[in-house]
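Here is entry.txt, consisting of compact mmCIF, C-alpha atoms:
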```txt
# COMPACT_ATOMS: atom_id res chain seq x y z
CA MET A 1 117.26 105.64 129.79
CA ARG A 2 115.52 104.67 132.99
CA ALA A 3 117.56 103.12 135.73
CA GLY A 4 117.15 99.37 136.03
CA THR A 5 117.90 96.22 134.20
CA LEU A 6 119.38 96.06 130.73
CA THR A 7 116.54 93.83 129.65
CA GLN A 8 113.77 96.33 130.40
CA ARG A 9 111.08 97.03 127.79
CA GLY A 10 111.48 100.00 125.51
CA GLY A 11 108.83 102.46 124.32
CA PRO A 12 105.88 101.45 122.12
CA ILE A 13 107.57 102.36 118.84
CA ALA A 14 110.71 100.40 119.75
CA ARG A 15 108.61 97.41 120.84
CA SER A 16 106.62 97.64 117.61
CA LEU A 17 109.92 97.11 115.81
CA ARG A 18 110.59 94.14 118.10
CA ILE A 19 113.48 95.88 119.81
CA THR A 20 113.39 93.91 123.02
CA GLY A 21 115.39 93.60 126.18
CA SER A 22 117.48 90.98 124.37
CA THR A 23 118.37 93.54 121.71
CA HIS A 24 119.45 95.97 124.44
CA LEU A 25 121.51 93.27 126.12
CA MET A 26 123.19 92.26 122.87
CA VAL A 27 124.14 95.85 122.01
CA ALA A 28 125.41 96.54 125.52
CA THR A 29 127.49 93.38 125.85
CA PHE A 30 129.03 93.70 122.39
CA SER A 31 129.91 97.33 123.04
CA ALA A 32 131.33 96.40 126.44
CA ALA A 33 133.51 93.65 124.94
CA VAL A 34 134.91 95.88 122.22
CA ALA A 35 135.51 98.78 124.60
CA LEU A 36 137.13 96.52 127.18
CA ASN A 37 139.64 95.22 124.66
CA GLY A 38 140.27 98.69 123.31
CA ALA A 39 140.81 100.27 126.72
CA ALA A 40 143.05 97.42 127.90
CA ALA A 41 145.18 97.64 124.78
CA ALA A 42 145.45 101.41 125.10
CA GLN A 43 146.71 101.09 128.69
CA ALA A 44 149.26 98.47 127.76
CA LEU A 45 150.58 100.02 124.53
CA GLY A 46 150.71 103.76 125.23
CA VAL A 47 149.68 106.58 122.89
CA ALA A 48 150.15 104.58 119.69
CA GLY A 49 148.11 101.79 121.20
CA LEU A 50 145.39 104.21 122.18
CA VAL A 51 145.11 105.54 118.61
CA VAL A 52 144.95 102.05 117.14
CA ALA A 53 142.52 100.86 119.83
CA VAL A 54 140.19 103.80 119.31
CA ALA A 55 140.23 103.22 115.55
CA VAL A 56 139.40 99.53 116.00
CA VAL A 57 136.66 100.29 118.54
CA PHE A 58 135.16 102.91 116.23
CA ALA A 59 135.18 100.69 113.16
CA SER A 60 133.82 97.64 114.98
CA LEU A 61 130.94 99.43 116.66
CA ALA A 62 130.06 101.48 113.57
CA VAL A 63 129.73 98.31 111.49
CA CYS A 64 127.89 96.49 114.27
CA SER A 65 125.35 99.26 114.87
CA ALA A 66 124.77 99.78 111.14
CA ALA A 67 124.08 96.07 110.78
CA ILE A 68 121.67 96.11 113.74
CA SER A 69 119.85 99.12 112.33
CA ILE A 70 119.49 97.51 108.90
CA ASP A 71 118.39 94.21 110.43
CA ILE A 72 115.70 95.81 112.61
CA LEU A 73 114.22 97.77 109.70
CA ARG A 74 114.33 94.87 107.24
CA ARG A 75 112.84 92.21 109.49
CA SER A 76 110.12 94.63 110.56
CA GLY A 77 109.11 95.56 107.01
CA LYS A 78 105.36 95.06 107.51
CA THR A 79 105.42 96.83 110.86
CA VAL A 80 107.24 99.78 109.32
CA SER A 81 104.56 99.97 106.58
CA ASP A 82 101.83 99.73 109.20
CA LEU A 83 103.38 102.49 111.27
CA ARG A 84 103.83 104.70 108.23
CA SER A 85 100.17 104.21 107.30
CA ILE A 86 99.20 105.94 110.56
CA GLY A 87 101.69 108.76 110.26
CA ALA A 88 105.15 107.54 111.24
CA THR A 89 107.93 109.33 109.38
CA SER A 90 111.30 107.71 108.72
CA SER A 91 112.82 109.90 111.44
CA SER A 92 110.27 108.87 114.08
CA ILE A 93 110.98 105.20 113.35
CA SER A 94 114.75 105.71 113.12
CA SER A 95 114.74 107.64 116.40
CA ALA A 96 113.39 104.61 118.25
CA ILE A 97 116.24 102.47 116.90
CA PHE A 98 118.80 105.21 117.40
CA GLY A 99 117.76 105.77 121.01
CA SER A 100 117.94 102.10 121.95
CA VAL A 101 121.28 101.39 120.26
CA LEU A 102 122.97 104.57 121.43
CA ALA A 103 121.76 104.41 125.03
CA TYR A 104 122.53 100.77 125.67
CA GLY A 105 125.69 100.76 123.53
CA ALA A 106 127.11 103.78 125.36
CA LEU A 107 126.31 102.20 128.71
CA GLY A 108 128.01 98.97 127.69
CA SER A 109 131.07 100.71 126.31
CA ALA A 110 131.45 102.83 129.45
CA VAL A 111 131.42 99.73 131.66
CA GLY A 112 133.74 97.89 129.26
CA ALA A 113 136.19 100.79 129.04
CA VAL A 114 136.49 101.14 132.81
CA VAL A 115 137.04 97.42 133.29
CA GLY A 116 139.44 97.31 130.32
CA ALA A 117 141.48 100.25 131.64
CA ALA A 118 141.77 98.63 135.05
CA LEU A 119 142.81 95.35 133.48
CA GLY A 120 145.33 97.13 131.23
CA SER A 121 146.86 98.90 134.22
CA VAL A 122 147.31 95.63 136.04
CA LEU A 123 148.85 93.94 132.99
CA ALA A 124 151.10 96.84 132.01
CA GLY A 125 152.02 97.96 135.48
CA PRO A 126 151.45 101.43 136.90
CA GLY A 127 154.64 102.85 135.34
CA LEU A 128 153.53 102.14 131.79
CA ALA A 129 149.93 103.11 132.24
CA LEU A 130 148.68 105.97 130.10
CA SER A 131 146.32 108.31 131.83
CA THR A 132 143.47 105.98 132.69
CA VAL A 133 140.89 108.73 132.55
CA TYR A 134 141.96 109.89 129.08
CA GLY A 135 141.96 106.32 127.82
CA VAL A 136 138.49 105.57 129.14
CA VAL A 137 137.07 108.85 127.85
CA ALA A 138 138.59 108.33 124.39
CA VAL A 139 137.15 104.83 124.10
CA VAL A 140 133.70 105.85 125.34
CA VAL A 141 133.55 108.88 123.04
CA ALA A 142 134.72 106.79 120.06
CA SER A 143 132.17 104.09 120.90
CA SER A 144 129.28 106.50 121.20
CA ALA A 145 130.22 108.30 118.00
CA ALA A 146 130.56 104.99 116.18
CA LEU A 147 127.18 103.76 117.44
CA ALA A 148 125.48 107.00 116.42
CA ILE A 149 127.08 107.13 112.98
CA GLY A 150 126.57 103.42 112.33
CA THR A 151 122.91 103.46 113.34
CA TYR A 152 122.21 106.57 111.31
CA THR A 153 124.05 105.29 108.24
CA GLY A 154 122.41 101.86 108.40
CA GLY A 155 118.96 103.38 108.76
CA ARG A 156 119.51 105.85 105.97
CA ALA A 157 120.78 103.16 103.60
CA THR A 158 117.73 101.01 104.35
CA TRP A 159 115.24 103.85 103.84
CA ARG A 160 116.85 104.67 100.51
CA SER A 161 116.59 101.08 99.33
CA MET B 1 89.16 97.58 84.15
CA ALA B 2 86.96 99.14 86.79
CA GLN B 3 85.02 102.32 86.30
CA LEU B 4 82.95 104.27 88.75
CA ALA B 5 79.35 104.28 87.62
CA GLU B 6 78.46 107.53 89.32
CA LEU B 7 80.93 110.37 89.09
CA ARG B 8 80.62 113.99 89.97
CA PRO B 9 81.60 116.05 86.90
CA GLU B 10 84.62 118.28 87.40
CA ARG B 11 83.63 121.81 88.27
CA THR B 12 87.00 123.44 88.58
CA THR B 13 90.66 122.77 87.92
CA THR B 14 91.86 124.65 90.95
CA THR B 15 91.78 123.67 94.60
CA ASN B 16 88.41 124.40 96.09
CA ASP B 17 87.65 124.69 99.81
CA ARG B 18 84.33 122.94 99.29
CA PHE B 19 86.04 119.68 98.47
CA SER B 20 87.95 117.43 100.80
CA VAL B 21 89.13 115.16 97.99
CA GLU B 22 89.63 116.00 94.33
CA VAL B 23 90.59 113.24 91.93
CA ARG B 24 91.70 114.46 88.52
CA HIS B 25 92.17 112.10 85.58
CA VAL B 26 93.72 109.42 87.74
CA ALA B 27 94.99 106.22 86.18
CA LYS B 28 96.35 103.34 88.20
CA SER B 29 97.88 100.16 86.95
CA TYR B 30 100.06 97.39 88.31
CA GLY B 31 102.24 96.46 85.36
CA GLU B 32 99.89 95.47 82.55
CA ARG B 33 96.93 95.29 84.92
CA GLU B 34 94.86 98.45 84.69
CA VAL B 35 92.75 99.30 87.72
CA TYR B 36 91.60 102.79 86.78
CA THR B 37 92.07 104.61 83.48
CA ASP B 38 90.57 108.07 83.91
CA LEU B 39 89.05 108.53 87.31
CA HIS B 40 87.65 111.95 87.89
CA PHE B 41 85.50 113.15 90.78
CA GLN B 42 85.33 115.23 93.91
CA LEU B 43 84.08 114.68 97.44
CA LEU B 44 82.41 117.57 99.21
CA ARG B 45 83.66 118.33 102.70
CA GLY B 46 81.58 116.69 105.38
CA THR B 47 79.97 114.24 103.01
CA PHE B 48 79.52 110.52 103.60
CA VAL B 49 80.19 108.51 100.45
CA ALA B 50 80.12 104.75 100.13
CA LEU B 51 81.97 102.83 97.44
CA ALA B 52 80.43 99.50 96.54
CA GLY B 53 81.61 96.84 94.14
CA PRO B 54 82.88 93.29 93.86
CA ILE B 55 86.00 92.02 95.58
CA GLY B 56 89.10 92.76 93.52
CA SER B 57 87.59 95.73 91.71
CA GLY B 58 90.05 98.30 93.08
CA LYS B 59 88.18 99.72 96.06
CA THR B 60 91.10 99.29 98.45
CA THR B 61 93.45 100.76 95.84
CA LEU B 62 91.33 103.89 95.78
CA ILE B 63 91.32 104.18 99.57
CA ASN B 64 95.09 103.73 99.61
CA MET B 65 95.52 106.43 96.97
CA PHE B 66 93.38 108.85 98.99
CA ALA B 67 95.58 108.12 102.00
CA GLY B 68 98.77 108.59 99.97
CA ILE B 69 99.85 105.02 100.69
CA GLU B 70 99.77 104.23 96.98
CA ARG B 71 100.44 106.72 94.23
CA PRO B 72 98.46 106.97 91.00
CA THR B 73 100.23 106.02 87.78
CA SER B 74 99.09 109.34 86.34
CA GLY B 75 96.74 112.16 87.25
CA SER B 76 96.50 113.94 90.58
CA ILE B 77 94.75 113.60 93.90
CA THR B 78 94.24 116.62 96.14
CA VAL B 79 93.20 116.05 99.74
CA MET B 80 92.16 119.00 101.91
CA GLY B 81 93.79 121.30 99.38
CA LYS B 82 97.13 119.46 99.32
CA ASP B 83 98.39 117.78 96.16
CA LEU B 84 99.53 114.35 97.33
CA GLY B 85 101.78 113.94 94.28
CA ALA B 86 103.90 116.90 95.38
CA MET B 87 104.79 115.28 98.70
CA ASP B 88 107.55 112.80 99.46
CA ASP B 89 106.89 109.70 101.59
CA ASP B 90 107.69 111.40 104.89
CA GLU B 91 105.54 114.42 104.09
CA LEU B 92 102.70 112.05 103.18
CA ALA B 93 103.10 110.18 106.46
CA ALA B 94 102.99 113.44 108.44
CA PHE B 95 99.98 114.57 106.39
CA ARG B 96 98.18 111.30 107.14
CA ALA B 97 98.84 111.72 110.85
CA GLN B 98 97.11 115.09 110.84
CA THR B 99 94.40 114.66 108.24
CA ILE B 100 93.34 111.06 107.74
CA GLY B 101 91.87 108.39 109.95
CA LEU B 102 92.30 105.06 108.23
CA VAL B 103 90.58 101.78 109.06
CA PRO B 104 92.14 99.36 106.59
CA GLN B 105 90.69 95.99 105.68
CA SER B 106 93.88 94.15 106.59
CA GLN B 107 95.00 94.44 110.19
CA THR B 108 97.70 97.05 110.71
CA LEU B 109 97.61 97.11 114.48
CA ILE B 110 100.81 96.21 116.29
CA PRO B 111 100.13 92.83 117.93
CA GLU B 112 102.81 93.24 120.64
CA LEU B 113 101.23 96.42 121.97
CA THR B 114 98.15 96.89 124.12
CA THR B 115 94.91 98.46 122.92
CA TYR B 116 95.86 101.72 124.65
CA GLU B 117 99.31 101.82 123.06
CA ASN B 118 97.94 101.08 119.59
CA VAL B 119 95.28 103.77 119.82
CA GLU B 120 97.80 106.26 121.18
CA LEU B 121 100.42 105.73 118.44
CA PRO B 122 99.21 108.35 115.92
CA LEU B 123 99.36 111.00 118.66
CA ARG B 124 102.98 110.06 119.37
CA PHE B 125 103.79 110.67 115.70
CA LEU B 126 102.08 114.06 115.99
CA LYS B 127 104.27 114.78 119.04
CA VAL B 128 101.24 115.48 121.23
CA ASP B 129 102.12 115.95 124.91
CA LYS B 130 101.57 113.07 127.34
CA ASP B 131 98.51 114.44 129.17
CA THR B 132 96.69 115.30 125.97
CA ARG B 133 97.62 111.90 124.53
CA ARG B 134 96.10 110.17 127.52
CA LYS B 135 92.87 112.19 127.40
CA ARG B 136 92.37 111.75 123.67
CA THR B 137 93.26 108.07 123.72
CA GLU B 138 90.82 107.37 126.53
CA ALA B 139 88.10 109.39 124.78
CA ALA B 140 88.58 107.48 121.51
CA MET B 141 88.50 104.12 123.32
CA GLU B 142 85.39 105.20 125.22
CA LYS B 143 83.64 106.28 122.04
CA ILE B 144 84.21 102.92 120.37
CA GLY B 145 83.62 100.91 123.53
CA VAL B 146 87.07 99.34 123.88
CA ARG B 147 88.18 101.13 127.05
CA GLU B 148 87.82 97.98 129.12
CA ASP B 149 90.36 96.33 126.81
CA ALA B 150 92.92 99.12 127.30
CA LYS B 151 95.54 96.84 128.82
CA LYS B 152 94.82 93.84 126.65
CA THR B 153 97.54 92.90 124.15
CA VAL B 154 96.10 93.24 120.64
CA GLY B 155 97.71 89.99 119.47
CA THR B 156 95.38 88.06 121.80
CA MET B 157 92.17 89.69 120.50
CA SER B 158 89.61 88.43 117.98
CA VAL B 159 89.44 89.88 114.45
CA GLY B 160 86.30 91.82 115.37
CA GLU B 161 87.85 93.27 118.52
CA LYS B 162 90.91 94.31 116.54
CA GLN B 163 88.69 96.05 114.02
CA MET B 164 87.13 98.08 116.82
CA VAL B 165 90.57 99.04 118.15
CA SER B 166 91.55 100.04 114.63
CA PHE B 167 88.46 102.24 114.52
CA ALA B 168 89.40 103.93 117.81
CA ARG B 169 92.92 104.52 116.50
CA ALA B 170 91.52 106.13 113.34
CA LEU B 171 89.49 108.60 115.39
CA VAL B 172 92.09 109.48 118.02
CA ASN B 173 93.64 112.34 116.03
CA ASP B 174 90.17 113.74 115.22
CA PRO B 175 90.87 113.70 111.47
CA PRO B 176 88.76 115.70 109.00
CA ILE B 177 88.69 112.65 106.71
CA LEU B 178 87.88 109.09 107.69
CA LEU B 179 88.64 106.30 105.23
CA LEU B 180 87.14 102.93 106.05
CA ASP B 181 87.75 99.78 104.07
CA GLU B 182 84.96 97.25 104.67
CA PRO B 183 84.55 98.39 108.29
CA THR B 184 81.78 95.96 109.26
CA GLU B 185 83.03 92.89 107.41
CA ALA B 186 84.71 91.21 110.37
CA LEU B 187 82.25 92.35 113.01
CA ASP B 188 79.47 90.50 114.77
CA PRO B 189 76.01 92.14 114.55
CA LEU B 190 76.38 93.94 117.87
CA MET B 191 79.77 95.43 117.02
CA ALA B 192 78.51 96.34 113.54
CA GLU B 193 75.63 98.25 115.12
CA VAL B 194 78.08 100.20 117.26
CA VAL B 195 80.10 101.13 114.16
CA LEU B 196 76.99 102.08 112.19
CA GLY B 197 75.81 104.28 115.05
CA ILE B 198 79.18 106.00 115.17
CA LEU B 199 79.29 106.49 111.41
CA ARG B 200 75.85 108.05 111.52
CA GLY B 201 76.54 110.28 114.50
CA ASP B 202 80.11 111.19 113.63
CA ASN B 203 79.31 112.45 110.17
CA MET B 204 76.33 114.43 111.34
CA THR B 205 77.84 116.03 114.41
CA ASP B 206 81.50 116.44 113.48
CA GLY B 207 81.14 117.29 109.79
CA ARG B 208 83.80 114.72 108.99
CA THR B 209 84.21 113.53 105.41
CA MET B 210 83.76 109.78 105.30
CA PHE B 211 84.61 107.48 102.43
CA VAL B 212 83.70 103.88 103.02
CA THR B 213 84.16 100.80 100.84
CA THR B 214 81.54 98.23 101.67
CA HIS B 215 79.27 95.37 100.74
CA ASP B 216 77.02 96.21 103.67
CA LYS B 217 73.65 97.59 102.55
CA ARG B 218 73.19 99.22 105.96
CA ILE B 219 76.20 101.44 105.19
CA THR B 220 75.13 102.29 101.65
CA ASP B 221 71.71 103.21 103.08
CA LEU B 222 73.40 105.53 105.55
CA ALA B 223 75.67 107.17 102.99
CA ARG B 224 74.67 110.36 101.25
CA ARG B 225 75.92 108.93 97.98
CA THR B 226 77.00 105.52 96.80
CA LEU B 227 79.55 105.10 94.04
CA ARG B 228 79.79 101.74 92.36
CA VAL B 229 82.84 100.07 90.88
CA GLY B 230 81.86 98.18 87.76
CA LYS B 231 83.49 94.80 87.78
CA LYS B 232 86.38 92.71 89.02
CA ILE B 233 89.72 93.50 87.42
CA PRO B 234 90.95 90.55 85.36
```
The structure in this file should be written as structure tokens.
Amino acid sequence: MRAGTLTQRGGPIARSLRITGSTHLMVATFSAAVALNGAAAAQALGVAGLVVAVAVVFASLAVCSAAISIDILRRSGKTVSDLRSIGATSSSISSAIFGSVLAYGALGSAVGAVVGAALGSVLAGPGLALSTVYGVVAVVVASSAALAIGTYTGGRATWRS
Amino acid sequence: MAQLAELRPERTTTTNDRFSVEVRHVAKSYGEREVYTDLHFQLLRGTFVALAGPIGSGKTTLINMFAGIERPTSGSITVMGKDLGAMDDDELAAFRAQTIGLVPQSQTLIPELTTYENVELPLRFLKVDKDTRRKRTEAAMEKIGVREDAKKTVGTMSVGEKQMVSFARALVNDPPILLLDEPTEALDPLMAEVVLGILRGDNMTDGRTMFVTTHDKRITDLARRTLRVGKKIP
């Protein structure tokens, strides 16, 4: 992902599928919100909280990214047919969606996790804080994995149907 | 039900290097509606064949079957030695990217993209490197005369201009087979002359197989052979 604004234009295949700067912004802000809550809860509630928070983050973002993937493919049905008529395979189309969702989702979750961990430390107090670094890393890894799995699963389900 | 009036008799049942397209006992129907019942012919490599017939007689269906976009109900179609029926949808898409240049009747350009981006797309699917993509895209636009429109968004262009961009896109991967569905229908006389000149020159110099559906007598005059579809499908 190039440095710059979240609303920058994607590549031609992504833009063909009407994945716009607004799509990037939506994915990033949703991921940030989920990660922020997860990281804050993990800081405040200790190891058990971290496990629960990571599970919630994973489930939320997996469902969200699957839904986005399905929505993009279904509302771009004619475009997908047009692209396939000139040689686009399902993987070349899915890659454009995958790249956008994963890149902007991971960026959003990283920002959200850092802010959430800081907020959790303030709320819980330094004595109760779990290792901030571990908490942030766990949330970001869970977010990225969820975004990747959700996007892939959503795309695969749509291609099959 | 449509039938081709002029068909080349089958010479062999095995893949032959002389043919770019072999159609064997192909039937195509949409539910109860039969388009073809037993279509059987071959196209020699490097030949220029026109397909004429009334609107709704199945010409576009045939083009789409050659491109692997539609599948026959029964029978087989072999293109450049590959049996299209043996390939799944992704394999067909990859095969199209390498083998077929398609200028469909309905617009399949991406309106949000520029002329350059639309023409370049097939090369992206072929994973061609950036420099080669640029050279080939510019060459294809130059050949068709749309280079000046490189940065123009396709959604803002006229139907005729879009058709020319579609033509450039079909040529960008230098395909051995070019399928054109009513290529001059939406063009003004000047643009049509450009296309006719390219069809004439391209087939002669590049040895490309060209299969063109048309009502345009200038194209049927240019073609080495003209097949005719009998009548409109009820």
Residues of chain B that have any atom at most 10 Å from an atom of chain A: could you tabulate them with the shortest-distance atom pair and the distance in Å to one decimal, using only C-alpha atoms, ordered by chain and increasing number, as JSON lines?
```
{"residue": "B:Asn64", "atom": "CA", "partner": "A:Ser85", "partner_atom": "CA", "distance": 9.2}
{"residue": "B:Ala67", "atom": "CA", "partner": "A:Ser85", "partner_atom": "CA", "distance": 8.0}
{"residue": "B:Gly68", "atom": "CA", "partner": "A:Ser85", "partner_atom": "CA", "distance": 8.7}
{"residue": "B:Ile69", "atom": "CA", "partner": "A:Ser85", "partner_atom": "CA", "distance": 6.7}
{"residue": "B:Asp89", "atom": "CA", "partner": "A:Thr89", "partner_atom": "CA", "distance": 7.9}
{"residue": "B:Asp90", "atom": "CA", "partner": "A:Thr89", "partner_atom": "CA", "distance": 5.0}
{"residue": "B:Glu91", "atom": "CA", "partner": "A:Thr89", "partner_atom": "CA", "distance": 7.7}
{"residue": "B:Leu92", "atom": "CA", "partner": "A:Gly87", "partner_atom": "CA", "distance": 7.9}
{"residue": "B:Ala93", "atom": "CA", "partner": "A:Gly87", "partner_atom": "CA", "distance": 4.3}
{"residue": "B:Ala94", "atom": "CA", "partner": "A:Gly87", "partner_atom": "CA", "distance": 5.2}
{"residue": "B:Phe95", "atom": "CA", "partner": "A:Gly87", "partner_atom": "CA", "distance": 7.2}
{"residue": "B:Arg96", "atom": "CA", "partner": "A:Gly87", "partner_atom": "CA", "distance": 5.3}
{"residue": "B:Ala97", "atom": "CA", "partner": "A:Gly87", "partner_atom": "CA", "distance": 4.2}
{"residue": "B:Gln98", "atom": "CA", "partner": "A:Gly87", "partner_atom": "CA", "distance": 7.8}
{"residue": "B:Thr99", "atom": "CA", "partner": "A:Gly87", "partner_atom": "CA", "distance": 9.6}
{"residue": "B:Ile100", "atom": "CA", "partner": "A:Ile86", "partner_atom": "CA", "distance": 8.3}
{"residue": "B:Gly101", "atom": "CA", "partner": "A:Ile86", "partner_atom": "CA", "distance": 7.8}
{"residue": "B:Leu102", "atom": "CA", "partner": "A:Ile86", "partner_atom": "CA", "distance": 7.3}
{"residue": "B:Val103", "atom": "CA", "partner": "A:Ile86", "partner_atom": "CA", "distance": 9.7}
{"residue": "B:Pro104", "atom": "CA", "partner": "A:Ser85", "partner_atom": "CA", "distance": 9.4}
{"residue": "B:Gln107", "atom": "CA", "partner": "A:Asp82", "partner_atom": "CA", "distance": 8.7}
{"residue": "B:Thr108", "atom": "CA", "partner": "A:Asp82", "partner_atom": "CA", "distance": 5.1}
{"residue": "B:Leu109", "atom": "CA", "partner": "A:Asp82", "partner_atom": "CA", "distance": 7.2}
{"residue": "B:Ile110", "atom": "CA", "partner": "A:Ser16", "partner_atom": "CA", "distance": 6.1}
{"residue": "B:Pro111", "atom": "CA", "partner": "A:Ser16", "partner_atom": "CA", "distance": 8.1}
{"residue": "B:Glu112", "atom": "CA", "partner": "A:Ser16", "partner_atom": "CA", "distance": 6.6}
{"residue": "B:Leu113", "atom": "CA", "partner": "A:Pro12", "partner_atom": "CA", "distance": 6.9}
{"residue": "B:Thr114", "atom": "CA", "partner": "A:Pro12", "partner_atom": "CA", "distance": 9.2}
{"residue": "B:Glu117", "atom": "CA", "partner": "A:Pro12", "partner_atom": "CA", "distance": 6.6}
{"residue": "B:Asn118", "atom": "CA", "partner": "A:Pro12", "partner_atom": "CA", "distance": 8.3}
{"residue": "B:Glu120", "atom": "CA", "partner": "A:Pro12", "partner_atom": "CA", "distance": 9.5}
{"residue": "B:Leu121", "atom": "CA", "partner": "A:Pro12", "partner_atom": "CA", "distance": 7.9}
{"residue": "B:Pro122", "atom": "CA", "partner": "A:Ile86", "partner_atom": "CA", "distance": 5.9}
{"residue": "B:Leu123", "atom": "CA", "partner": "A:Gly87", "partner_atom": "CA", "distance": 9.0}
{"residue": "B:Arg124", "atom": "CA", "partner": "A:Ala88", "partner_atom": "CA", "distance": 8.8}
{"residue": "B:Phe125", "atom": "CA", "partner": "A:Ala88", "partner_atom": "CA", "distance": 5.6}
{"residue": "B:Leu126", "atom": "CA", "partner": "A:Gly87", "partner_atom": "CA", "distance": 7.8}
{"residue": "B:Lys127", "atom": "CA", "partner": "A:Ser92", "partner_atom": "CA", "distance": 9.8}
{"residue": "B:Arg169", "atom": "CA", "partner": "A:Ile86", "partner_atom": "CA", "distance": 8.8}
{"residue": "B:Ala170", "atom": "CA", "partner": "A:Ile86", "partner_atom": "CA", "distance": 8.2}
```
ask   = How many Å separate atom CA of B:Leu39 from atom CA of B:Ile219?
value =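 It comes out at 23.1 Å.
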message = With all atoms listed in the file as the counted atoms, please give the residues lying no more than 7 Å from B:Val212, apart from itself and same-chain residues fewer than 5 positions off, as a ChimeraX atom specification.
response = /B:49-51,179-182
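Residue nearest B:Asp216, chosen from B:Val146, B:Glu185, B:Arg200, B:Gly85 and counting all atoms listed in the file: B:Glu185.
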request  = In Å, rounded to a single decimal, give me how far atom CA of B:Pro183 is from atom CA of B:Gln163.
outcome  =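 Between these atoms lies a distance of 7.4 Å.
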query = Near stretch 129-140 of chain B, counting all atoms listed in the file, which residues have an atom at most 7 Å away, once you skip same-chain residues fewer than 2 positions from it, shown as number ranges by chain?
reply = B: 116, 119-120, 123, 127, 142-144, 147, 168, 171-172
request  = Using only C-alpha atoms, pick whichever of A:Gly105, A:His24, A:Leu119, A:Ala142 has the shortest atom-to-atom distance to A:Val56.
outcome  = A:Ala142
key: Separation of atom CA of A:Gly49 from atom CA of A:Cys64 in Å   =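 Here the two named atoms are 22.0 Å from each other.
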For stretch 94-105 of chain B, where the input has fewer atoms than it should, I would like N, CA, C and O atoms rebuilt and written as a short mmCIF file (atom, residue, chain, number, x, y, z; two decimals), in the frame of the given file.
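Saved result, result20.cif, follows:
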```cif
data_model
loop_
_atom_site.label_atom_id
_atom_site.label_comp_id
_atom_site.auth_asym_id
_atom_site.auth_seq_id
_atom_site.Cartn_x
_atom_site.Cartn_y
_atom_site.Cartn_z
N ALA B 94 103.35 112.36 107.50
CA ALA B 94 102.99 113.44 108.44
C ALA B 94 101.61 113.99 108.11
O ALA B 94 100.81 114.29 109.02
N PHE B 95 101.30 114.08 106.83
CA PHE B 95 99.98 114.57 106.39
C PHE B 95 98.88 113.60 106.84
O PHE B 95 97.82 114.02 107.32
N ARG B 96 99.15 112.30 106.70
CA ARG B 96 98.18 111.30 107.14
C ARG B 96 97.91 111.43 108.64
O ARG B 96 96.77 111.35 109.09
N ALA B 97 98.99 111.64 109.40
CA ALA B 97 98.84 111.72 110.85
C ALA B 97 97.89 112.85 111.24
O ALA B 97 97.13 112.74 112.20
N GLN B 98 97.92 113.93 110.50
CA GLN B 98 97.11 115.09 110.84
C GLN B 98 95.71 115.04 110.24
O GLN B 98 94.76 115.55 110.81
N THR B 99 95.60 114.44 109.05
CA THR B 99 94.40 114.66 108.24
C THR B 99 93.51 113.44 108.09
O THR B 99 92.30 113.60 107.90
N ILE B 100 94.10 112.25 108.15
CA ILE B 100 93.34 111.06 107.74
C ILE B 100 93.26 110.03 108.87
O ILE B 100 94.26 109.70 109.50
N GLY B 101 92.06 109.55 109.08
CA GLY B 101 91.87 108.39 109.95
C GLY B 101 91.60 107.21 109.04
O GLY B 101 90.69 107.26 108.22
N LEU B 102 92.40 106.18 109.16
CA LEU B 102 92.30 105.06 108.23
C LEU B 102 91.96 103.77 108.98
O LEU B 102 92.63 103.40 109.94
N VAL B 103 90.90 103.12 108.54
CA VAL B 103 90.58 101.78 109.06
C VAL B 103 90.73 100.82 107.88
O VAL B 103 89.82 100.66 107.08
N PRO B 104 91.90 100.22 107.75
CA PRO B 104 92.14 99.36 106.59
C PRO B 104 91.46 98.00 106.75
O PRO B 104 91.11 97.60 107.87
N GLN B 105 91.32 97.32 105.64
CA GLN B 105 90.69 95.99 105.68
C GLN B 105 91.63 94.98 106.34
O GLN B 105 91.21 94.17 107.15
#
```
